[in-house]
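**Student:** Here it is, the structure, as C-alpha cells.
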Amino acid sequence: MSASGVCLPLVVILLALARVSHALTSDQASFIAHRQLLSLKENDDLPADFEYEIDVTVTFANRRLKRAYVALQTWKKAIYSDPFNTTGNWDGPNVCEYTGVFCAPALDDPSLDVVAGVDLNHADIAGYLPTELGLLTDVALFHVNSNRFCGVIPKSFSKLILMHEFDISNNRFVGGFPKVVLTWPAVKFIDIRYNDFEGKLPPELFLKELDAIFLNNNRFTSTIPDTVGKSTASVVVFAYNKFTGCIPRTIGNMTNLNEIIFLNNHLGGCFPDELGTSRCWRLQTTS
Ligand SMILES: *[C@@H]1O[C@H](CO)[C@@H](O)[C@H](O)[C@H]1NC(C)=O
Ligand SMILES: *[C@@H]1O[C@H](CO)[C@@H](O)[C@H](O)[C@H]1NC(C)=O
C-alpha cells in the first residue's frame, strides 16, 4: 500500500505532462514528417559547400548570425502551426530579438554575439527540424519541449558541438535513439521523454559525462545496457518503455546516482539486490 502511495505523485505528474500539447492527428503528423523527408539533403547532413536556399541580402553583425538567420528562417518555413504566434517576430536580420532565441558572446571570440540558445518550450508548434539547424553551431541549449515537432533529429545536429542541454521532450519525434547526442562532447542533460523513439539504447549513452538522462514514455525495446553502471548521471528515467530482461547489476556502481526509475517496462524476474524491495521499481539512493 505505502509503496504504491509513494509512486502515485510521480505517475500523476507524468500523465499530466502528456496532455500539454493539442492533439495532432496521425495524418497531420505523417504529412509533416513526409515534408521533412522531402527536404532532407543526402544523409540529412550539411555538406561543407552548403548553399543557402534563403535569399540573404541583408547585412549582419557577423557571419555566424547570418548562418543563424538562414537556420531560423528555414525552420520557420518548416512550421505548419504556431497557435501562440511564437515565431511571429522571426523576421529580419536581428535574430537575437526573435522570441525564444538567445544570444551571448561567442565562447571562442567574446567580441562576437552569437545565438547561444533556443527555448521554444510549451509553444505547441507543429512542424519539423530542418537540416539547416546544423548551422546553429554556437548553441549550447536547445529546448523545444511540449510542441508538436515530428520526424527525426537530423544528422546535421552533430555540428552543434557546444550542446549542453538538449530537451526535445513531449513532441512527436520518431526513429531510433537520436545518436547525434553521442557526438556532443559537452552535453550534460538529455531529455527525450514523451516521444515515439524506438529500438535499442546505444551502450555509449551511459559512457558520456551526463548529469541527467530522461528516456521515459517512448517505445524503447531490448535490454538496458550494462554500461549504465558507468554512468555519471544523478537521474536516469527508463519508465514507460518496453525494456525487457534484467535490471543490470552494474547499477550498484553508479557513483552520482540520486534516482533511477524503471516503472512500467517489461523487466522481470531478476531484480538485483541493489534495487531493494520497492514494489514500483522506483529506486532512491543517497550517497
Ligand atoms: C504575430 O506576431 C506578429 C509580430 O509580432 C504580428 O505582426 C502578427 O500580426 C501576429 N499574428 C497574429 C495572427 O496574431
Ligand atoms: C563495480 O566496480 C568494481 C570496481 O571497478 C568492479 O570490480 C565490479 O565488478 C563492479 N560491479 C559490477 C556489478 O559491475
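Scheme for the C-alpha cells: letters A, B, ... for chains in order shown; per-chain residue numbers from 1; ligand numbers from 1 in order shown.
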Neighbouring residues of ligand 1 are defined here as those with any atom at most 9 Å from a ligand atom, counting only C-alpha atoms and all ligand atoms; list them as a VMD selection string.

**Tutor:** chain A and resid 83 to 91

**Student:** Give me a file of those residues, with C-alpha atoms, as a PDB file, in the first residue's frame.

**Tutor:**
ATOM      1  CA  PRO A  83      -1.048  28.743 -32.269  1.00  0.00           C
ATOM      2  CA  PHE A  84       0.558  31.302 -29.926  1.00  0.00           C
ATOM      3  CA  ASN A  85       2.323  33.163 -32.771  1.00  0.00           C
ATOM      4  CA  THR A  86       5.616  32.463 -31.006  1.00  0.00           C
ATOM      5  CA  THR A  87       7.606  32.813 -34.232  1.00  0.00           C
ATOM      6  CA  GLY A  88       5.518  35.816 -35.377  1.00  0.00           C
ATOM      7  CA  ASN A  89       8.505  38.155 -34.925  1.00  0.00           C
ATOM      8  CA  TRP A  90      11.025  35.843 -36.632  1.00  0.00           C
ATOM      9  CA  ASP A  91      11.651  38.333 -39.417  1.00  0.00           C
TER      10      ASP A  91
END

**Student:** Please report as a Markdown table every residue of chain A lying within 7 Å of ligand 2, along with the nearest atom pair and their distance in Å (one decimal), using only C-alpha atoms and all ligand atoms.

**Tutor:**
| residue | atom | partner | partner_atom_place_in_ligand_line | distance |
| --- | --- | --- | --- | --- |
| A:Gly229 | CA | ligand 2 | 14 (O) | 6.6 |
| A:Arg249 | CA | ligand 2 | 13 (C) | 4.7 |
| A:Thr250 | CA | ligand 2 | 13 (C) | 3.8 |
| A:Gly252 | CA | ligand 2 | 13 (C) | 6.3 |
| A:Asn253 | CA | ligand 2 | 1 (C) | 4.9 |

**Student:** Just to confirm, what's the straight-line distance from CA of Ile125 in chain A to CA of Val237 in chain A in Å (one decimal)?

**Tutor:** 25.8 Å

**Student:** Nearest residue to Asp211 in chain A out of A:Thr57, A:Ser169, A:Asn258, A:Asn195, using only C-alpha atoms?

**Tutor:** A:Asn258

**Student:** If we count only C-alpha atoms, what is near Phe60 in chain A at a cut-off of 12 Å, once residues fewer than 5 positions away on the same chain are taken out, given as an MDAnalysis selection string?

**Tutor:** chainID A and resid 65:70 92:96 112:114

**Student:** By how many Å are CA of Phe189 in chain A and CA of Ser234 in chain A apart?

**Tutor:**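 For CA of Phe189 in chain A relative to CA of Ser234 in chain A, the distance reads 10.5 Å.
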
**Student:** Calculated over only C-alpha atoms, which of the candidates A:Gln36, A:Phe173, A:Gln73, A:Ile190 has the smallest distance to Thr131 in chain A?

**Tutor:**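 With only C-alpha atoms as the atom set, the closest residue is A:Gln36.
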
**Student:** Which is closest to Ala116 in chain A among A:Lys155, A:Lys77, A:His164, A:Arg148, if we use only C-alpha atoms?

**Tutor:**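 Ranked by minimum distance to Ala116 in chain A, first place goes to A:His164.
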
**Student:** As a PDB file with C-alpha atoms, in the first residue's frame, list the residues of range 125-269 of chain A assigned to helix (DSSP H, G or I) by DSSP on the backbone atoms of this structure.

**Tutor:**
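Output file part-v8.pdb follows:
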ATOM      1  CA  THR A 131      18.795  20.100 -41.720  1.00  0.00           C
ATOM      2  CA  GLU A 132      19.800  23.781 -41.685  1.00  0.00           C
ATOM      3  CA  LEU A 133      19.527  23.871 -37.874  1.00  0.00           C
ATOM      4  CA  GLY A 134      23.019  22.371 -38.033  1.00  0.00           C
ATOM      5  CA  LEU A 135      24.143  25.938 -38.839  1.00  0.00           C
ATOM      6  CA  LYS A 155      22.263  14.210 -38.563  1.00  0.00           C
ATOM      7  CA  SER A 156      23.391  17.795 -39.104  1.00  0.00           C
ATOM      8  CA  PHE A 157      22.777  18.299 -35.364  1.00  0.00           C
ATOM      9  CA  SER A 158      26.192  16.676 -34.887  1.00  0.00           C
ATOM     10  CA  LYS A 159      27.580  20.095 -35.869  1.00  0.00           C
ATOM     11  CA  LYS A 179      22.550   9.111 -31.976  1.00  0.00           C
ATOM     12  CA  VAL A 180      23.695  12.666 -32.692  1.00  0.00           C
ATOM     13  CA  VAL A 181      23.608  13.240 -28.928  1.00  0.00           C
ATOM     14  CA  LEU A 182      26.521  10.813 -28.606  1.00  0.00           C
ATOM     15  CA  THR A 183      28.682  13.094 -30.751  1.00  0.00           C
ATOM     16  CA  PRO A 203      25.551   1.421 -24.759  1.00  0.00           C
ATOM     17  CA  GLU A 204      27.721   4.519 -25.391  1.00  0.00           C
ATOM     18  CA  LEU A 205      24.956   6.734 -23.978  1.00  0.00           C
ATOM     19  CA  PHE A 206      25.991   5.795 -20.457  1.00  0.00           C
ATOM     20  CA  LEU A 207      29.693   6.429 -21.094  1.00  0.00           C
ATOM     21  CA  ASP A 226      25.279  -2.958 -18.705  1.00  0.00           C
ATOM     22  CA  THR A 227      27.171   0.279 -19.306  1.00  0.00           C
ATOM     23  CA  VAL A 228      24.501   2.044 -17.218  1.00  0.00           C
ATOM     24  CA  GLY A 229      26.713   1.220 -14.209  1.00  0.00           C
ATOM     25  CA  LYS A 230      29.393   3.529 -15.589  1.00  0.00           C
ATOM     26  CA  ARG A 249      23.656  -5.452 -11.596  1.00  0.00           C
ATOM     27  CA  THR A 250      26.115  -2.747 -12.545  1.00  0.00           C
ATOM     28  CA  ILE A 251      23.709  -0.050 -11.298  1.00  0.00           C
ATOM     29  CA  GLY A 252      25.200  -0.655  -7.842  1.00  0.00           C
ATOM     30  CA  ASN A 253      28.325   1.023  -9.181  1.00  0.00           C
TER      31      ASN A 253
END

**Student:** Fewer than 3 positions away in the same chain doesn't count, so skip those; otherwise give me all residues within 6 Å of Thr221 in chain A, counting only C-alpha atoms, as a list in words.

**Tutor:**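 So the residues in contact are Gly199, Lys200, Lys242 and Phe243 of chain A.
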
**Student:** So that I can check the surroundings of Ala233 in chain A, please list as a VMD selection string every protein, DNA and RNA residue that reaches within 9 Å of it, counting only C-alpha atoms and ignoring chain neighbours fewer than 5 positions away.

**Tutor:** chain A and resid 188 to 189 206 208 to 213 254 to 258

**Student:** May I have the residues within 9 Å of range 239-241 of chain A as a PyMOL selection string, using only C-alpha atoms and disregarding those fewer than 3 positions away in the same chain?

**Tutor:** chain A and resi 198+214-221+261-266

**Student:** Work out how far CA of Val236 in chain A is from CA of Glu259 in chain A, in Å to one decimal.

**Tutor:**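 Calculated distance between CA of Glu259 in chain A and CA of Val236 in chain A is 6.5 Å.
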